[in-house]
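Data block for model-v8.txt (compact mmCIF, C-alpha atoms):
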# COMPACT_ATOMS: atom_id res chain seq x y z
CA MET D 1 -17.23 2.80 -16.79
CA THR D 2 -13.54 3.64 -16.98
CA MET D 3 -11.61 4.27 -13.76
CA TRP D 4 -9.28 7.26 -14.05
CA VAL D 5 -6.36 8.29 -11.84
CA PHE D 6 -4.86 11.81 -11.84
CA GLY D 7 -1.06 11.85 -11.87
CA TYR D 8 0.89 14.98 -11.01
CA GLY D 9 4.07 13.63 -9.34
CA SER D 10 5.56 10.14 -9.35
CA LEU D 11 2.43 8.69 -10.96
CA LEU D 12 3.54 10.56 -14.12
CA TRP D 13 6.65 8.42 -14.52
CA ASN D 14 5.90 5.43 -12.32
CA PRO D 15 2.18 4.62 -12.26
CA GLY D 16 2.72 1.04 -11.12
CA PHE D 17 -0.43 -0.25 -12.82
CA GLU D 18 -1.56 -1.08 -16.34
CA VAL D 19 -2.58 2.13 -18.12
CA ALA D 20 -5.08 1.80 -20.97
CA GLU D 21 -5.05 5.48 -21.96
CA GLN D 22 -3.06 8.53 -20.93
CA VAL D 23 -4.30 12.09 -21.56
CA ILE D 24 -3.03 15.44 -20.33
CA GLY D 25 -5.57 16.91 -17.94
CA GLN D 26 -6.19 19.86 -15.67
CA LEU D 27 -7.50 19.80 -12.12
CA ASP D 28 -8.91 23.12 -10.94
CA GLY D 29 -8.76 24.26 -7.32
CA TYR D 30 -5.46 22.54 -6.49
CA ALA D 31 -1.79 23.45 -6.92
CA ARG D 32 1.11 20.97 -7.21
CA SER D 33 3.79 21.73 -4.62
CA PHE D 34 6.38 20.12 -2.38
CA CYS D 35 4.10 20.54 0.61
CA MET D 36 4.44 17.09 2.19
CA ARG D 37 7.33 15.85 4.31
CA SER D 38 8.39 12.38 3.19
CA ILE D 39 9.35 10.09 6.05
CA HIS D 40 9.15 6.80 4.12
CA HIS D 41 9.88 6.99 0.39
CA ARG D 42 12.18 10.03 -0.06
CA GLY D 43 13.32 10.74 3.49
CA THR D 44 13.23 9.36 7.02
CA GLU D 45 11.57 10.42 10.25
CA GLU D 46 14.93 11.80 11.41
CA GLU D 47 15.70 13.55 8.07
CA PRO D 48 12.44 14.06 6.16
CA GLY D 49 12.49 14.69 2.45
CA LEU D 50 9.75 16.39 0.44
CA VAL D 51 7.27 14.99 -2.04
CA LEU D 52 4.66 16.61 -4.20
CA ALA D 53 1.07 16.89 -3.14
CA LEU D 54 -1.96 18.81 -4.29
CA ASP D 55 -2.67 21.78 -2.05
CA GLU D 56 -6.23 23.08 -2.27
CA ALA D 57 -6.60 26.77 -3.09
CA SER D 58 -8.92 29.00 -5.06
CA ASP D 59 -7.97 30.38 -8.47
CA VAL D 60 -5.27 27.75 -9.14
CA SER D 61 -5.04 24.61 -11.22
CA CYS D 62 -2.66 21.73 -11.78
CA GLN D 63 -1.80 20.21 -15.11
CA GLY D 64 -0.91 16.55 -15.06
CA VAL D 65 -1.95 13.29 -16.67
CA ALA D 66 -5.21 11.40 -16.40
CA LEU D 67 -4.48 7.70 -16.48
CA ALA D 68 -7.23 5.27 -17.50
CA VAL D 69 -6.96 1.98 -15.65
CA ALA D 70 -7.04 -1.14 -17.82
CA SER D 71 -10.46 -2.79 -17.86
CA GLY D 72 -10.79 -5.48 -15.20
CA GLN D 73 -7.88 -4.05 -13.18
CA GLU D 74 -9.87 -1.47 -11.20
CA ALA D 75 -10.02 -3.23 -7.80
CA GLU D 76 -6.40 -4.36 -7.98
CA THR D 77 -5.25 -0.88 -9.00
CA LEU D 78 -7.20 0.87 -6.26
CA ALA D 79 -5.77 -1.52 -3.63
CA TYR D 80 -2.25 -0.89 -4.98
CA LEU D 81 -2.71 2.89 -4.97
CA ARG D 82 -4.08 2.89 -1.44
CA GLU D 83 -1.12 0.87 -0.19
CA ARG D 84 1.31 3.18 -2.01
CA GLU D 85 -0.26 6.60 -1.44
CA LEU D 86 -1.95 6.23 1.95
CA ILE D 87 1.11 4.83 3.74
CA SER D 88 1.04 7.57 6.41
CA SER D 89 -2.47 9.04 5.99
CA ALA D 90 -1.05 12.40 4.85
CA TYR D 91 -2.97 12.10 1.58
CA LEU D 92 -6.72 12.09 1.23
CA GLU D 93 -8.25 10.04 -1.57
CA LYS D 94 -10.81 12.05 -3.52
CA ASN D 95 -12.78 11.55 -6.70
CA LEU D 96 -12.38 14.86 -8.53
CA THR D 97 -13.32 16.21 -11.95
CA VAL D 98 -10.39 16.50 -14.35
CA ARG D 99 -10.74 18.31 -17.68
CA LEU D 100 -8.88 16.35 -20.36
CA ALA D 101 -6.98 18.07 -23.17
CA ASP D 102 -9.46 16.58 -25.65
CA GLY D 103 -12.37 18.34 -23.90
CA ARG D 104 -13.77 15.42 -21.90
CA ASP D 105 -14.45 15.74 -18.19
CA VAL D 106 -13.69 12.62 -16.18
CA ILE D 107 -13.89 11.73 -12.51
CA ALA D 108 -10.42 10.67 -11.37
CA VAL D 109 -9.09 9.12 -8.18
CA THR D 110 -6.82 11.86 -6.89
CA TYR D 111 -4.54 12.05 -3.85
CA VAL D 112 -4.49 15.46 -2.17
CA ILE D 113 -2.73 16.63 0.98
CA ASP D 114 -4.50 16.61 4.33
CA GLU D 115 -3.60 20.07 5.60
CA SER D 116 -4.24 18.97 9.18
CA HIS D 117 -1.64 16.17 8.99
CA ASP D 118 1.71 16.74 10.68
CA GLN D 119 3.57 15.96 7.42
CA TYR D 120 1.95 18.99 5.74
CA CYS D 121 4.40 21.86 5.19
CA GLY D 122 2.67 24.17 2.71
CA GLY D 123 4.10 27.62 2.07
CA MET D 124 7.73 26.62 2.58
CA PRO D 125 10.08 28.90 0.59
CA LEU D 126 11.57 27.32 -2.55
CA GLU D 127 15.13 27.84 -1.30
CA GLU D 128 14.37 25.83 1.85
CA GLN D 129 12.73 23.13 -0.28
CA ALA D 130 15.84 22.94 -2.46
CA HIS D 131 18.15 22.40 0.51
CA ILE D 132 15.96 19.59 1.87
CA ILE D 133 15.56 17.87 -1.50
CA ALA D 134 19.31 18.09 -2.22
CA LYS D 135 20.23 15.96 0.81
CA ALA D 136 17.26 13.72 1.69
CA VAL D 137 17.24 9.98 0.99
CA GLY D 138 14.48 7.49 1.80
CA GLY D 139 13.39 3.92 1.18
CA ARG D 140 12.83 4.53 -2.55
CA GLY D 141 16.04 6.48 -3.07
CA PRO D 142 17.29 10.06 -3.15
CA ASN D 143 14.84 12.94 -3.05
CA THR D 144 16.74 14.45 -6.01
CA GLU D 145 15.74 11.47 -8.17
CA TYR D 146 12.06 12.12 -7.41
CA LEU D 147 12.39 15.80 -8.35
CA TYR D 148 14.39 15.17 -11.52
CA ASN D 149 12.13 12.36 -12.76
CA THR D 150 9.00 14.43 -12.23
CA ALA D 151 10.41 17.60 -13.82
CA ASP D 152 11.86 15.64 -16.78
CA HIS D 153 8.59 13.83 -17.42
CA LEU D 154 6.58 17.06 -17.31
CA THR D 155 8.94 18.52 -19.91
CA GLN D 156 8.67 15.39 -22.09
CA ILE D 157 4.88 15.68 -22.22
CA GLY D 158 4.98 19.42 -22.90
CA LEU D 159 3.97 20.75 -19.49
CA HIS D 160 5.88 23.49 -17.69
CA ASP D 161 5.89 23.94 -13.92
CA PRO D 162 7.97 27.04 -13.06
CA ASP D 163 8.55 26.03 -9.42
CA LEU D 164 9.79 22.55 -10.40
CA ALA D 165 12.02 24.05 -13.10
CA TRP D 166 13.55 26.46 -10.56
CA LEU D 167 13.96 23.71 -7.97
CA THR D 168 15.62 21.41 -10.49
CA GLU D 169 18.26 24.01 -11.37
CA ARG D 170 18.85 25.01 -7.75
CA VAL D 171 19.10 21.42 -6.48
CA ARG D 172 21.59 20.56 -9.25
CA VAL D 173 23.81 23.41 -8.00
CA LEU D 174 23.44 22.38 -4.35
CA SER D 175 24.15 18.71 -5.17
CA ALA D 176 27.27 19.42 -7.26

Can the structure from this file be put into structure tokens for me?
Amino acid sequence: MTMWVFGYGSLLWNPGFEVAEQVIGQLDGYARSFCMRSIHHRGTEEEPGLVLALDEASDVSCQGVALAVASGQEAETLAYLRERELISSAYLEKNLTVRLADGRDVIAVTYVIDESHDQYCGGMPLEEQAHIIAKAVGGRGPNTEYLYNTADHLTQIGLHDPDLAWLTERVRVLSA
């Protein structure tokens, strides 16, 4: 049985594992948003950045990419993802149903925000997000790079996220 991973942020452009198949998919009941303070990768504890997470809500969905893990790489990939995504326990690992663009339903390993975690910051106005993203830098580089890479990759695969598009334009102005 194929192991699938749902990518909606950095997994879109930097999966970090061997991908056997990549298909656009939709996850219902969750919205992509900059609702997690980043204290490791795109910010610090003193100056947190923001990273994308899936925030659970009714009547919403998130379009992203379902990534099929190469056969025989499942255990190694899961260990890698856990080390990468569960660094501060702000994400919860869930196996959720993703509807693929070709009509298949697959169960995908998906990382969603733990709303009870102190890094959760859901509902923050976009303008405030833009100011944080424009200046934050963490262990993996500037927060702007994370935003731009994600927004660019969504555009390349034909997906539009209005909030990310707005943030990209606003952060470019603030960073100029």

I'd like the contact shell of Asn143 (chain D) - 7 Å cut-off, all atoms listed in the file, skipping same-chain residues fewer than 4 positions apart - returned as a ChimeraX atom specification. /D:42,49,133-134,136-137,147

Give me the residues near region 74-82 of chain D as an mmCIF file with C-alpha atoms, in the coordinates of the input, where near means some atom within 12 Å (using only C-alpha atoms) and where sequence neighbours in that chain fewer than 3 positions away do not count.
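In the end it all went to result38.cif:
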data_model
loop_
_atom_site.group_PDB
_atom_site.id
_atom_site.type_symbol
_atom_site.label_atom_id
_atom_site.label_comp_id
_atom_site.auth_asym_id
_atom_site.auth_seq_id
_atom_site.Cartn_x
_atom_site.Cartn_y
_atom_site.Cartn_z
ATOM 1 C CA MET D 1 -17.230 2.800 -16.790
ATOM 2 C CA THR D 2 -13.540 3.640 -16.980
ATOM 3 C CA MET D 3 -11.610 4.270 -13.760
ATOM 4 C CA TRP D 4 -9.280 7.260 -14.050
ATOM 5 C CA VAL D 5 -6.360 8.290 -11.840
ATOM 6 C CA PHE D 6 -4.860 11.810 -11.840
ATOM 7 C CA GLY D 7 -1.060 11.850 -11.870
ATOM 8 C CA SER D 10 5.560 10.140 -9.350
ATOM 9 C CA LEU D 11 2.430 8.690 -10.960
ATOM 10 C CA ASN D 14 5.900 5.430 -12.320
ATOM 11 C CA PRO D 15 2.180 4.620 -12.260
ATOM 12 C CA GLY D 16 2.720 1.040 -11.120
ATOM 13 C CA PHE D 17 -0.430 -0.250 -12.820
ATOM 14 C CA GLU D 18 -1.560 -1.080 -16.340
ATOM 15 C CA VAL D 19 -2.580 2.130 -18.120
ATOM 16 C CA ALA D 20 -5.080 1.800 -20.970
ATOM 17 C CA LEU D 67 -4.480 7.700 -16.480
ATOM 18 C CA ALA D 68 -7.230 5.270 -17.500
ATOM 19 C CA VAL D 69 -6.960 1.980 -15.650
ATOM 20 C CA ALA D 70 -7.040 -1.140 -17.820
ATOM 21 C CA SER D 71 -10.460 -2.790 -17.860
ATOM 22 C CA GLU D 85 -0.260 6.600 -1.440
ATOM 23 C CA LEU D 86 -1.950 6.230 1.950
ATOM 24 C CA ILE D 87 1.110 4.830 3.740
ATOM 25 C CA SER D 88 1.040 7.570 6.410
ATOM 26 C CA SER D 89 -2.470 9.040 5.990
ATOM 27 C CA ALA D 90 -1.050 12.400 4.850
ATOM 28 C CA TYR D 91 -2.970 12.100 1.580
ATOM 29 C CA LEU D 92 -6.720 12.090 1.230
ATOM 30 C CA GLU D 93 -8.250 10.040 -1.570
ATOM 31 C CA LYS D 94 -10.810 12.050 -3.520
ATOM 32 C CA ALA D 108 -10.420 10.670 -11.370
ATOM 33 C CA VAL D 109 -9.090 9.120 -8.180
ATOM 34 C CA THR D 110 -6.820 11.860 -6.890
ATOM 35 C CA TYR D 111 -4.540 12.050 -3.850
#

Using only C-alpha atoms for the distances, tell me which of D:Pro48, D:Gly72, D:Pro162, D:Gly103 is nearest to Leu126 (chain D).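 Result for the nearest residue to Leu126 (chain D): D:Pro162.
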
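Taking CA of Arg104 (chain D) as the reference point, CA of Asp152 (chain D) is found at 26.1 Å.
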
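CA of Glu56 (chain D) is found 7.8 Å from CA of Val112 (chain D).
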
Counting all atoms listed in the file, closest pick from D:Ile157, D:Val51, D:Asp114, D:His40 relative to Gln22 (chain D) is D:Ile157

Using all atoms listed in the file, pick whichever of D:Ile113, D:Arg170, D:Asn95, D:Val23 has the shortest atom-to-atom distance to Ala53 (chain D).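 Between D:Ile113, D:Arg170, D:Asn95, D:Val23, the residue approaching Ala53 (chain D) most closely is D:Ile113.
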
Which residues are near Asp163 (chain D)? Cut-off 10 Å, only C-alpha atoms, ignore same chain within fewer than 4 positions. Put them as a PyMOL selection string. chain D and resi 32-34+126+151+167-168

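With all atoms listed in the file as the atoms that count, the residue of D:Asp102, D:Gln63, D:Asp55, D:Thr44 with the shortest distance to Ser116 (chain D) is D:Asp55.
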